[in-house]
file entry.txt (compact mmCIF, C-alpha atoms)
# COMPACT_ATOMS: atom_id res chain seq x y z
CA MET A 1 11.49 -7.40 15.81
CA PRO A 2 11.63 -11.18 16.44
CA THR A 3 10.20 -12.18 19.79
CA PRO A 4 10.98 -15.71 20.83
CA GLY A 5 9.66 -16.73 24.19
CA ALA A 6 7.56 -19.16 26.11
CA GLY A 7 4.47 -17.05 25.54
CA MET A 8 4.96 -16.95 21.77
CA VAL A 9 5.34 -20.63 20.95
CA ARG A 10 1.97 -21.32 19.29
CA TYR A 11 1.92 -18.37 16.90
CA GLY A 12 5.68 -17.93 16.74
CA GLY A 13 7.97 -14.95 17.18
CA ASN A 14 9.73 -14.54 13.85
CA THR A 15 9.26 -11.53 11.62
CA SER A 16 7.46 -11.60 8.27
CA CYS A 17 8.15 -14.26 5.70
CA VAL A 18 5.74 -16.26 3.56
CA GLN A 19 6.76 -19.02 1.17
CA VAL A 20 4.60 -19.52 -1.93
CA THR A 21 5.29 -22.55 -4.10
CA LEU A 22 3.97 -22.34 -7.63
CA SER A 23 2.76 -25.27 -9.69
CA ASP A 24 6.05 -25.61 -11.56
CA GLY A 25 8.12 -25.61 -8.38
CA THR A 26 9.17 -21.97 -8.59
CA HIS A 27 9.64 -20.55 -5.12
CA LEU A 28 8.26 -17.15 -4.24
CA ILE A 29 9.29 -15.81 -0.87
CA LEU A 30 7.33 -12.84 0.34
CA ASP A 31 9.57 -10.73 2.56
CA ALA A 32 12.77 -11.84 4.22
CA GLY A 33 12.12 -11.43 7.91
CA THR A 34 13.66 -13.83 10.39
CA GLY A 35 11.08 -16.45 9.45
CA ILE A 36 13.05 -17.05 6.26
CA ARG A 37 15.51 -19.01 8.32
CA ASN A 38 12.94 -21.77 8.64
CA LEU A 39 12.70 -22.36 4.90
CA PRO A 40 14.46 -25.41 3.49
CA ALA A 41 18.18 -24.85 3.22
CA ASP A 42 18.27 -26.65 -0.12
CA LEU A 43 15.85 -24.32 -1.93
CA GLY A 44 17.12 -23.72 -5.43
CA ARG A 45 19.72 -26.52 -5.37
CA SER A 46 17.82 -28.47 -8.01
CA GLY A 47 17.86 -25.51 -10.31
CA GLU A 48 14.39 -24.21 -9.59
CA PRO A 49 14.29 -20.41 -9.48
CA VAL A 50 14.02 -18.63 -6.15
CA HIS A 51 12.39 -15.21 -6.07
CA ILE A 52 12.30 -13.06 -2.97
CA LEU A 53 9.76 -10.24 -3.14
CA LEU A 54 10.24 -7.49 -0.58
CA THR A 55 7.31 -5.25 0.27
CA HIS A 56 9.68 -2.69 1.76
CA LEU A 57 13.07 -2.45 3.38
CA HIS A 58 12.21 -1.97 7.03
CA LEU A 59 14.54 -4.12 9.04
CA ASP A 60 11.94 -6.62 10.20
CA HIS A 61 11.27 -7.49 6.54
CA ILE A 62 14.89 -7.95 5.44
CA GLN A 63 16.84 -8.99 8.52
CA GLY A 64 16.51 -12.68 7.71
CA LEU A 65 18.54 -12.34 4.51
CA LEU A 66 21.83 -12.91 6.29
CA PHE A 67 20.50 -16.23 7.57
CA PHE A 68 18.94 -17.53 4.34
CA ALA A 69 21.06 -20.57 3.53
CA PRO A 70 20.53 -20.65 -0.25
CA LEU A 71 22.31 -17.27 -0.50
CA PHE A 72 25.44 -19.12 0.52
CA GLN A 73 25.08 -21.93 -2.03
CA PRO A 74 27.13 -21.62 -5.20
CA GLY A 75 25.06 -21.83 -8.34
CA VAL A 76 21.67 -21.17 -6.75
CA GLU A 77 19.85 -18.47 -8.70
CA ILE A 78 18.03 -15.96 -6.56
CA THR A 79 16.21 -12.87 -7.74
CA LEU A 80 15.55 -10.22 -5.12
CA TRP A 81 12.67 -7.88 -6.01
CA GLY A 82 11.87 -4.71 -4.14
CA PRO A 83 10.34 -1.24 -4.37
CA ALA A 84 12.12 1.15 -6.67
CA ALA A 85 13.71 4.31 -5.32
CA PRO A 86 14.86 7.29 -7.37
CA GLY A 87 18.58 7.32 -7.92
CA VAL A 88 19.47 4.40 -5.64
CA SER A 89 19.54 0.78 -6.73
CA LEU A 90 17.94 -1.99 -4.71
CA GLU A 91 21.34 -3.61 -4.41
CA ARG A 92 22.82 -0.52 -2.86
CA ARG A 93 19.94 -0.12 -0.43
CA ILE A 94 20.15 -3.76 0.68
CA GLY A 95 23.89 -3.28 0.88
CA ARG A 96 23.37 -0.82 3.71
CA TYR A 97 22.36 -3.86 5.78
CA LEU A 98 24.55 -6.54 4.22
CA SER A 99 27.79 -4.75 4.86
CA ALA A 100 30.10 -3.74 7.67
CA PRO A 101 29.58 -2.83 10.44
CA LEU A 102 26.08 -4.35 10.48
CA THR A 103 26.98 -7.75 9.07
CA PRO A 104 30.19 -9.72 8.54
CA VAL A 105 29.26 -10.51 4.92
CA GLU A 106 29.23 -8.21 1.90
CA ILE A 107 26.85 -8.80 -1.01
CA ARG A 108 29.74 -9.39 -3.37
CA GLU A 109 30.90 -12.29 -1.18
CA LEU A 110 27.65 -14.23 -1.49
CA PRO A 111 28.30 -17.44 -3.46
CA CYS A 112 24.85 -17.64 -5.08
CA ARG A 113 23.89 -15.95 -8.33
CA LEU A 114 21.98 -12.98 -6.97
CA ASP A 115 20.06 -10.58 -9.17
CA PHE A 116 18.44 -7.40 -7.86
CA ARG A 117 15.39 -6.00 -9.59
CA ASP A 118 12.95 -3.19 -9.01
CA CYS A 119 9.35 -4.40 -9.02
CA PRO A 120 7.71 -3.36 -12.29
CA THR A 121 4.83 -0.95 -12.23
CA THR A 122 2.81 -3.26 -14.45
CA ARG A 123 1.89 -6.87 -13.91
CA TRP A 124 4.68 -9.29 -14.66
CA GLN A 125 5.28 -13.00 -14.87
CA ILE A 126 7.30 -15.22 -12.56
CA GLY A 127 7.10 -18.83 -13.62
CA PRO A 128 3.44 -19.65 -14.14
CA ALA A 129 2.21 -16.82 -11.90
CA GLN A 130 1.19 -13.26 -12.63
CA ILE A 131 2.50 -10.83 -10.05
CA THR A 132 1.15 -7.34 -9.39
CA ALA A 133 2.84 -4.83 -7.10
CA GLU A 134 1.20 -1.60 -5.98
CA GLY A 135 2.17 1.05 -3.48
CA VAL A 136 0.15 0.98 -0.28
CA THR A 137 -0.17 3.26 2.72
CA HIS A 138 2.57 2.58 5.26
CA ARG A 139 5.51 4.56 6.53
CA GLY A 140 7.87 4.91 3.57
CA PRO A 141 7.64 3.38 0.10
CA THR A 142 5.85 0.09 0.60
CA LEU A 143 4.36 -2.41 -1.81
CA GLY A 144 1.60 -4.93 -1.60
CA PHE A 145 1.66 -8.00 -3.81
CA ARG A 146 -0.97 -9.99 -5.61
CA VAL A 147 -0.02 -13.43 -6.89
CA GLU A 148 -2.28 -15.19 -9.37
CA GLU A 149 -1.97 -18.60 -10.98
CA SER A 150 -4.55 -20.63 -12.83
CA GLY A 151 -7.46 -18.69 -11.37
CA SER A 152 -6.19 -18.80 -7.77
CA SER A 153 -5.08 -15.61 -6.05
CA LEU A 154 -3.28 -14.41 -2.96
CA CYS A 155 -2.79 -10.83 -1.77
CA TYR A 156 -0.04 -9.94 0.69
CA LEU A 157 -0.40 -6.69 2.63
CA PRO A 158 1.69 -7.23 5.75
CA ASP A 159 2.33 -3.59 6.59
CA HIS A 160 -0.69 -1.52 5.75
CA GLU A 161 -2.67 1.31 7.31
CA PRO A 162 -5.57 2.10 4.97
CA ALA A 163 -7.42 3.87 7.79
CA ILE A 164 -4.82 6.65 7.89
CA ILE A 165 -6.70 8.23 4.99
CA GLY A 166 -10.16 7.91 6.48
CA ASP A 167 -12.98 5.61 7.52
CA ILE A 168 -12.44 2.43 5.52
CA ASP A 169 -16.18 1.82 5.30
CA LYS A 170 -16.82 5.30 3.92
CA LEU A 171 -13.89 5.90 1.60
CA GLU A 172 -15.09 6.27 -1.94
CA ALA A 173 -14.13 3.62 -4.45
CA GLY A 174 -10.66 4.25 -5.79
CA TRP A 175 -9.38 5.85 -2.60
CA LEU A 176 -8.98 2.70 -0.51
CA SER A 177 -5.29 1.80 -0.48
CA GLY A 178 -4.66 -1.78 -1.58
CA ALA A 179 -8.21 -2.38 -2.74
CA ALA A 180 -7.41 -3.03 -6.38
CA LEU A 181 -4.72 -5.53 -5.36
CA ALA A 182 -6.96 -7.42 -2.96
CA ARG A 183 -10.29 -7.32 -4.80
CA ASP A 184 -12.00 -10.75 -4.76
CA VAL A 185 -8.81 -12.46 -3.68
CA ASP A 186 -8.93 -16.09 -2.52
CA LEU A 187 -6.51 -15.48 0.36
CA LEU A 188 -5.68 -12.14 1.93
CA LEU A 189 -2.79 -11.77 4.36
CA HIS A 190 -3.37 -8.41 6.03
CA ASP A 191 -1.73 -6.36 8.71
CA CYS A 192 -3.50 -6.72 12.05
CA GLN A 193 -0.91 -5.51 14.51
CA TYR A 194 -3.10 -3.71 17.02
CA THR A 195 -6.18 -4.29 19.04
CA ASP A 196 -8.83 -1.63 18.59
CA ALA A 197 -7.88 -0.22 21.99
CA GLU A 198 -4.19 0.04 21.03
CA TYR A 199 -4.66 1.73 17.67
CA PRO A 200 -5.55 5.29 18.81
CA SER A 201 -2.10 5.67 20.34
CA HIS A 202 -0.49 4.30 17.16
CA VAL A 203 -2.18 6.30 14.44
CA GLY A 204 0.26 6.87 11.60
CA TRP A 205 2.58 4.05 12.64
CA GLY A 206 1.67 2.24 9.44
CA HIS A 207 -0.35 -0.67 10.82
CA SER A 208 -3.95 -1.72 11.22
CA SER A 209 -6.25 -2.70 14.04
CA VAL A 210 -8.51 -5.73 14.13
CA THR A 211 -11.48 -3.68 12.97
CA HIS A 212 -9.51 -2.11 10.13
CA ALA A 213 -8.34 -5.49 8.89
CA LEU A 214 -11.90 -6.80 8.89
CA GLN A 215 -13.31 -3.68 7.26
CA PHE A 216 -10.72 -3.96 4.52
CA ALA A 217 -11.34 -7.67 4.00
CA ARG A 218 -15.05 -7.05 3.68
CA ARG A 219 -14.68 -4.11 1.32
CA VAL A 220 -12.53 -6.15 -1.07
CA ALA A 221 -14.59 -9.34 -0.64
CA ALA A 222 -11.64 -11.54 0.25
CA ARG A 223 -12.69 -15.17 0.52
CA LYS A 224 -10.34 -15.90 3.42
CA THR A 225 -8.21 -13.60 5.52
CA LEU A 226 -5.13 -14.38 7.57
CA LEU A 227 -4.50 -11.72 10.18
CA PHE A 228 -0.80 -10.98 9.96
CA HIS A 229 2.11 -8.98 11.38
CA HIS A 230 1.49 -9.59 15.05
CA ASP A 231 2.69 -7.01 17.49
CA PRO A 232 5.92 -8.23 19.13
CA ARG A 233 4.37 -7.70 22.56
CA HIS A 234 1.32 -9.85 21.93
CA THR A 235 1.44 -13.27 23.53
CA ASP A 236 -0.26 -16.38 22.22
CA ASP A 237 -3.15 -15.85 24.63
CA GLU A 238 -3.60 -12.26 23.49
CA LEU A 239 -3.60 -13.36 19.87
CA ASP A 240 -6.21 -15.98 20.69
CA ALA A 241 -8.36 -13.23 22.17
CA MET A 242 -7.85 -11.01 19.11
CA LEU A 243 -8.91 -13.86 16.85
CA ALA A 244 -12.01 -14.54 18.90
CA GLU A 245 -12.94 -10.88 18.78
CA ALA A 246 -12.29 -10.71 15.06
CA ARG A 247 -14.47 -13.73 14.35
CA THR A 248 -17.26 -12.39 16.52
CA HIS A 249 -17.30 -9.10 14.62
CA TRP A 250 -17.00 -10.86 11.27
CA MET A 251 -19.91 -13.15 11.95
CA ALA A 252 -21.98 -10.22 13.27
CA GLY A 253 -21.58 -8.73 9.82
CA GLY A 254 -22.84 -11.86 8.13
CA GLY A 255 -19.52 -13.57 7.44
CA GLN A 256 -18.44 -17.15 8.06
CA GLU A 257 -16.29 -17.89 11.09
CA ASP A 258 -13.68 -19.84 9.16
CA ALA A 259 -13.11 -16.93 6.78
CA ILE A 260 -10.90 -15.31 9.42
CA SER A 261 -7.78 -16.93 10.82
CA MET A 262 -4.66 -15.82 12.64
CA ALA A 263 -1.37 -16.35 10.86
CA ALA A 264 0.98 -18.66 12.72
CA GLU A 265 4.39 -20.05 11.96
CA GLY A 266 4.38 -23.24 9.99
CA ILE A 267 0.81 -23.19 8.77
CA ARG A 268 0.22 -24.31 5.21
CA VAL A 269 -2.50 -22.93 3.02
CA THR A 270 -3.65 -24.43 -0.26
CA VAL A 271 -5.01 -21.56 -2.29
CA GLY A 272 -7.71 -22.44 -4.74
CA THR A 273 -10.84 -20.97 -6.21
CA SER A 274 -13.24 -22.90 -4.00
CA ASN A 275 -12.08 -22.54 -0.43
CA PRO A 276 -8.51 -22.05 0.74
CA ALA A 277 -7.68 -24.73 3.28
CA ILE A 278 -5.55 -23.80 6.27
CA LYS A 279 -3.64 -26.50 8.10
CA SER A 280 -1.41 -26.18 11.12
CA MET B 281 -19.89 -10.90 -1.56
CA HIS B 282 -21.28 -10.20 1.90
CA GLU B 283 -24.52 -8.41 2.60
CA GLY B 284 -25.13 -6.42 5.71
CA ARG B 285 -23.63 -3.34 7.16
CA TYR B 286 -20.61 -3.02 4.97
CA ARG B 287 -20.23 -1.84 1.44
CA THR B 288 -18.45 -4.38 -0.70
CA HIS B 289 -16.60 -4.50 -3.91
CA VAL B 290 -14.57 -1.48 -4.90
CA SER B 291 -15.21 -1.29 -8.59
CA VAL B 292 -13.66 1.93 -9.94
CA GLU B 293 -10.09 2.48 -10.94
CA GLN B 294 -7.71 2.65 -8.02
CA HIS B 295 -5.93 5.95 -7.39
CA PRO B 296 -2.17 5.55 -7.01
CA VAL B 297 -0.87 5.59 -3.47
CA GLU B 298 0.75 9.01 -3.97
CA LEU B 299 -2.66 10.59 -4.62
CA ILE B 300 -4.24 8.64 -1.79
CA MET B 301 -1.66 9.91 0.65
CA ALA B 302 -1.82 13.41 -0.82
CA ARG B 303 -5.53 13.47 -0.11
CA GLY B 304 -4.92 12.32 3.45
CA PHE B 305 -2.33 15.06 3.92
CA MET B 306 -4.56 17.73 2.35
CA SER B 307 -7.50 16.71 4.52
CA ASN B 308 -5.52 17.72 7.57
CA LEU B 309 -4.32 21.07 6.25
CA SER B 310 -5.82 24.43 6.99
CA THR B 311 -4.23 25.65 3.77
CA PRO B 312 -6.57 25.40 0.75
CA ALA B 313 -5.39 22.62 -1.55
CA PHE B 314 -6.52 21.15 -4.84
CA LEU B 315 -5.55 17.75 -6.32
CA VAL B 316 -5.78 16.54 -9.90
CA ASP B 317 -4.89 13.18 -11.37
CA ARG B 318 -2.69 12.45 -14.34
CA GLN B 319 -5.50 13.29 -16.76
CA GLY B 320 -6.14 16.61 -15.05
CA VAL B 321 -9.38 15.45 -13.46
CA LEU B 322 -10.02 17.25 -10.18
CA VAL B 323 -10.14 14.42 -7.69
CA PHE B 324 -10.19 16.28 -4.39
CA TYR B 325 -10.03 19.61 -2.63
CA ASN B 326 -10.05 20.18 1.11
CA GLU B 327 -12.33 22.06 3.49
CA ALA B 328 -10.11 25.12 3.44
CA ALA B 329 -10.48 25.24 -0.33
CA GLU B 330 -14.22 24.76 -0.03
CA GLU B 331 -14.42 27.93 2.02
CA ILE B 332 -12.87 29.99 -0.79
CA LEU B 333 -14.53 28.16 -3.67
CA GLY B 334 -17.94 28.30 -2.04
CA LEU B 335 -18.71 24.71 -2.96
CA THR B 336 -17.96 21.50 -1.13
CA PHE B 337 -16.10 18.82 -2.99
CA ALA B 338 -18.93 16.45 -2.22
CA GLU B 339 -21.22 18.78 -4.18
CA ALA B 340 -18.75 19.48 -6.96
CA GLY B 341 -17.52 15.96 -7.46
CA PRO B 342 -14.65 14.93 -9.72
CA MET B 343 -14.38 17.28 -12.71
CA PRO B 344 -12.31 17.21 -15.90
CA ALA B 345 -9.87 20.07 -16.34
CA GLU B 346 -12.05 21.98 -18.77
CA ASP B 347 -14.92 21.92 -16.28
CA TRP B 348 -13.07 23.07 -13.16
CA SER B 349 -11.22 25.75 -15.04
CA ALA B 350 -14.49 27.00 -16.52
CA ARG B 351 -16.40 26.85 -13.27
CA PHE B 352 -14.00 28.96 -11.23
CA GLU B 353 -13.12 31.32 -14.14
CA PRO B 354 -9.47 31.96 -13.33
CA THR B 355 -8.08 35.25 -14.61
CA GLY B 356 -4.74 36.95 -14.27
CA PRO B 357 -4.22 40.19 -12.35
CA ASP B 358 -5.06 42.00 -15.59
CA GLY B 359 -8.46 40.39 -15.68
CA GLU B 360 -7.69 38.29 -18.75
CA PRO B 361 -8.78 34.64 -18.66
CA VAL B 362 -5.94 32.21 -18.05
CA PRO B 363 -6.19 28.98 -20.03
CA VAL B 364 -5.79 25.81 -18.02
CA GLU B 365 -2.38 25.04 -19.51
CA LYS B 366 -1.10 28.36 -18.19
CA LEU B 367 -2.45 27.94 -14.69
CA PRO B 368 0.09 26.81 -12.08
CA LEU B 369 -1.75 23.49 -11.79
CA GLY B 370 -1.80 23.11 -15.55
CA ILE B 371 1.91 23.83 -15.83
CA ALA B 372 2.70 21.36 -13.06
CA LEU B 373 0.57 18.74 -14.75
CA LEU B 374 1.61 19.28 -18.35
CA GLU B 375 5.20 20.40 -17.93
CA GLY B 376 6.07 18.44 -14.81
CA ARG B 377 7.52 21.42 -12.95
CA PRO B 378 6.45 23.65 -10.05
CA ALA B 379 4.72 26.91 -10.87
CA HIS B 380 3.28 29.93 -9.08
CA ALA B 381 0.97 32.73 -10.05
CA PRO B 382 -1.38 35.32 -8.64
CA LEU B 383 -4.92 34.74 -9.89
CA ARG B 384 -8.45 35.89 -9.55
CA ILE B 385 -11.17 33.27 -9.37
CA THR B 386 -14.94 33.41 -9.05
CA SER B 387 -16.49 31.39 -6.28
CA ALA B 388 -19.61 29.36 -6.71
CA GLY B 389 -21.49 32.21 -5.10
CA GLY B 390 -20.21 34.65 -7.70
CA GLN B 391 -17.72 36.36 -5.45
CA ALA B 392 -14.35 37.36 -6.89
CA GLU B 393 -11.43 36.03 -4.88
CA GLN B 394 -7.86 37.21 -5.29
CA ILE B 395 -5.51 34.30 -4.63
CA GLN B 396 -1.92 33.18 -4.92
CA ALA B 397 -1.48 29.61 -6.15
CA THR B 398 1.53 27.31 -6.08
CA ALA B 399 1.46 23.91 -7.73
CA PHE B 400 3.84 21.01 -8.12
CA PRO B 401 3.71 17.69 -9.94
CA VAL B 402 3.09 14.51 -7.97
CA ILE B 403 5.60 11.98 -9.20
CA GLY B 404 5.63 8.43 -7.89
CA ARG B 405 7.64 5.33 -8.69
CA GLY B 406 5.65 4.83 -11.84
CA GLY B 407 6.02 8.39 -13.04
CA GLN B 408 3.80 11.43 -12.71
CA THR B 409 0.44 10.64 -11.18
CA GLY B 410 -1.03 14.12 -10.92
CA ALA B 411 -0.46 17.56 -9.49
CA LEU B 412 -1.23 19.36 -6.28
CA ALA B 413 -1.85 23.06 -5.74
CA ILE B 414 -2.07 25.11 -2.58
CA PHE B 415 -3.60 28.56 -2.68
CA TRP B 416 -4.51 31.34 -0.36
CA ARG B 417 -6.20 34.70 -0.41
CA ARG B 418 -4.00 37.58 -1.45
CA PRO B 419 -4.03 40.52 0.92
CA HIS B 420 -5.89 43.42 -0.69
call {"tool": "encode", "arguments": {"input": "entry.txt", "output": "C-alpha cells"}}
result
Amino acid sequence: MPTPGAGMVRYGGNTSCVQVTLSDGTHLILDAGTGIRNLPADLGRSGEPVHILLTHLHLDHIQGLLFFAPLFQPGVEITLWGPAAPGVSLERRIGRYLSAPLTPVEIRELPCRLDFRDCPTTRWQIGPAQITAEGVTHRGPTLGFRVEESGSSLCYLPDHEPAIIGDIDKLEAGWLSGAALARDVDLLLHDCQYTDAEYPSHVGWGHSSVTHALQFARRVAARKTLLFHHDPRHTDDELDAMLAEARTHWMAGGGQEDAISMAAEGIRVTVGTSNPAIKS
Amino acid sequence: MHEGRYRTHVSVEQHPVELIMARGFMSNLSTPAFLVDRQGVLVFYNEAAEEILGLTFAEAGPMPAEDWSARFEPTGPDGEPVPVEKLPLGIALLEGRPAHAPLRITSAGGQAEQIQATAFPVIGRGGQTGALAIFWRRPH
C-alpha cells in the first residue's frame, strides 16, 4: 500500500510504477501503482502510443489507474497489457476494480481509447522495443518483463520470490525463476522487500530479502541492480541501512559498489550497454 | 561476469514457472511425485519417490521418456509391459487429461514395487508445459 509520511520522503511512499521512454517517444509504463499519478498528465496527447504493462493485478500494482490522467483524455490511445487468465478477459478483471462500489468510474466511461491485451507468450514488439514476458514465482499469476532496444536491456521483477523453490545459489540452471528474463541485463529492477532478518517470517509471501535479490542479480550477471518494492513499513533510514548492507555483501563477493542502488521516486536511469547511469 | 563465491550465468533453457512451482510443491510432499516436461523428459522426482525408486534424482538426472520408462520397467497387474503412452503420465502428457492406473515397477535395486499412480497435465498460460504424477505403494 502507499505510505506517505515524514519518514518516507527521500525514497517515496507510492506503490510500483516505472516509466520507460523508448527512442521513438513511445511510453511504456511498468505497473500502475500509485506512482503513476506522478507521470505527466499530457502523456499521449501528441499522439504517441502509451502502453501500460501490468506484472499482475494485485491492488498495489493497479490502484493508480483511477488517477492516471491520460485515461480521462479523449483521443489518447492506451494499451493495457496484463497476464492472461483462462476464461476471463483482462478488461473484466480490471473492471472488478474500476467499477462500483470500489470506484466512481466504470471502464466504459473512460474517454480515452483503451485497448486491453493479454501479454503474448512469445516476444513481441512495442515501438522500437522487443518485449518479453515470463511467469515468475509470486503469489498468483505474475509476470516479469524484459525490455530491449538497440542492444540495451531492462528487466523488471518487482514482485518475485525465487528462493521459495530453493537456495538461489544452488538451484540448477533452468530452475531459477526469472533467470532467462534477466540474464545479462543492463538494468535489473528486483524485489527487495525484506531484510534478511524479516524474511523467515514471510516465507511464501512472494517477495525477496536483500540476500535473495543480490544472489539473483549475481546469478544472472545483471550489470546494475535497483532494489525495488520497498516494504511499506520501512523508513528512509531503514532503506539506507538496507542499501549499505547490500553493497557491503555485494562488494564482499567481488562486485562494484555502484552496481547496487535503491530505487527511489523520481530517479532517472539512462539504460545503455556500457554503464546505466542513475540520477536523482 | 563476477568471479568469487557465486555461480554466474544460467545458460540452459528456462523451465516454465508452472514446472518450477510444481517442483517446489513436490519437494515439500511426503507423497512420491514425478514431473516431466512437455517433451516427456523426467525433470524431477522428490525424496518420497526416491525411496520407492531406489535411486536419487541427483543420481538419475533428467531422462527422456524412453529411458525412464525402460529403467523402471512398468507393467500392469497382469505382468505385461505398459508402453509409455499408456502409462498415466504418458496419457496426461500426450492426451492432456488425468489418468490413473495400478502398476508394478522395478526399483533400481531390482525390487518389484506394486504402486497406484495418478497423473495430470500441467497447463499454464502458454499451454501444456508437462505432466505430474503422484504414486504410492499398493497394499498387498
call {"tool": "residues_around", "arguments": {"input": "entry.txt", "residues": "Tyr199 of chain A", "least_positions_apart": "5", "cutoff": "10 Å", "atoms": "only C-alpha atoms", "output": "PyMOL selection string"}}
result
chain A and resi 193-194+204-205+207-212
call {"tool": "closest_residue", "arguments": {"input": "entry.txt", "among": "A:Thr142, A:Gln256, A:Gln19, A:Thr121", "to": "chain B", "atoms": "all atoms listed in the file"}}
result
A:Thr121
call {"tool": "atom_distance", "arguments": {"input": "entry.txt", "atom1": "atom CA of Leu367 of chain B", "atom2": "atom CA of Pro354 of chain B"}}
result
8.2 Å
call {"tool": "closest_atom_pairs", "arguments": {"input": "entry.txt", "of": "chain A", "to": "chain B", "cutoff": "8 Å", "atoms": "all atoms listed in the file", "output": "JSON lines"}}
result
{"residue": "A:Ala84", "atom": "CA", "partner": "B:Arg405", "partner_atom": "CA", "distance": 6.5}
{"residue": "A:Ala85", "atom": "CA", "partner": "B:Arg405", "partner_atom": "CA", "distance": 7.0}
{"residue": "A:Pro86", "atom": "CA", "partner": "B:Arg405", "partner_atom": "CA", "distance": 7.6}
{"residue": "A:Thr121", "atom": "CA", "partner": "B:Gly406", "partner_atom": "CA", "distance": 5.9}
{"residue": "A:Glu134", "atom": "CA", "partner": "B:Val297", "partner_atom": "CA", "distance": 7.9}
{"residue": "A:Gly135", "atom": "CA", "partner": "B:Val297", "partner_atom": "CA", "distance": 5.5}
{"residue": "A:Val136", "atom": "CA", "partner": "B:Val297", "partner_atom": "CA", "distance": 5.7}
{"residue": "A:Thr137", "atom": "CA", "partner": "B:Val297", "partner_atom": "CA", "distance": 6.7}
{"residue": "A:Ile164", "atom": "CA", "partner": "B:Gly304", "partner_atom": "CA", "distance": 7.2}
{"residue": "A:Ile165", "atom": "CA", "partner": "B:Gly304", "partner_atom": "CA", "distance": 4.7}
{"residue": "A:Gly166", "atom": "CA", "partner": "B:Gly304", "partner_atom": "CA", "distance": 7.5}
{"residue": "A:Asp169", "atom": "CA", "partner": "B:Tyr286", "partner_atom": "CA", "distance": 6.6}
{"residue": "A:Ala173", "atom": "CA", "partner": "B:Val290", "partner_atom": "CA", "distance": 5.1}
{"residue": "A:Gly174", "atom": "CA", "partner": "B:Gln294", "partner_atom": "CA", "distance": 4.0}
{"residue": "A:Trp175", "atom": "CA", "partner": "B:His295", "partner_atom": "CA", "distance": 5.9}
{"residue": "A:Leu176", "atom": "CA", "partner": "B:Gln294", "partner_atom": "CA", "distance": 7.6}
{"residue": "A:Ser177", "atom": "CA", "partner": "B:Val297", "partner_atom": "CA", "distance": 6.5}
{"residue": "A:Ala179", "atom": "CA", "partner": "B:Val290", "partner_atom": "CA", "distance": 6.8}
{"residue": "A:Ala180", "atom": "CA", "partner": "B:Gln294", "partner_atom": "CA", "distance": 5.9}
{"residue": "A:Arg183", "atom": "CA", "partner": "B:His289", "partner_atom": "CA", "distance": 7.0}
{"residue": "A:Asp184", "atom": "CA", "partner": "B:His289", "partner_atom": "CA", "distance": 7.8}
{"residue": "A:Gln215", "atom": "CA", "partner": "B:Tyr286", "partner_atom": "CA", "distance": 7.7}
{"residue": "A:Arg218", "atom": "CA", "partner": "B:Thr288", "partner_atom": "CA", "distance": 6.2}
{"residue": "A:Arg219", "atom": "CA", "partner": "B:Thr288", "partner_atom": "CA", "distance": 4.3}
{"residue": "A:Val220", "atom": "CA", "partner": "B:His289", "partner_atom": "CA", "distance": 5.2}
{"residue": "A:Ala221", "atom": "CA", "partner": "B:Met281", "partner_atom": "CA", "distance": 5.6}
{"residue": "A:Gly253", "atom": "CA", "partner": "B:Gly284", "partner_atom": "CA", "distance": 5.9}
{"residue": "A:Gly254", "atom": "CA", "partner": "B:Gly284", "partner_atom": "CA", "distance": 6.4}
{"residue": "A:Gly255", "atom": "CA", "partner": "B:His282", "partner_atom": "CA", "distance": 6.7}
call {"tool": "atom_distance", "arguments": {"input": "entry.txt", "atom1": "atom CA of Pro401 of chain B", "atom2": "atom CA of Tyr325 of chain B"}}
result
15.7 Å
call {"tool": "residues_around", "arguments": {"input": "entry.txt", "residues": "Gln394 of chain B", "least_positions_apart": "5", "cutoff": "12 Å", "atoms": "only C-alpha atoms", "output": "number ranges by chain"}}
result
B: 332-333, 352-359, 381-387, 415-420
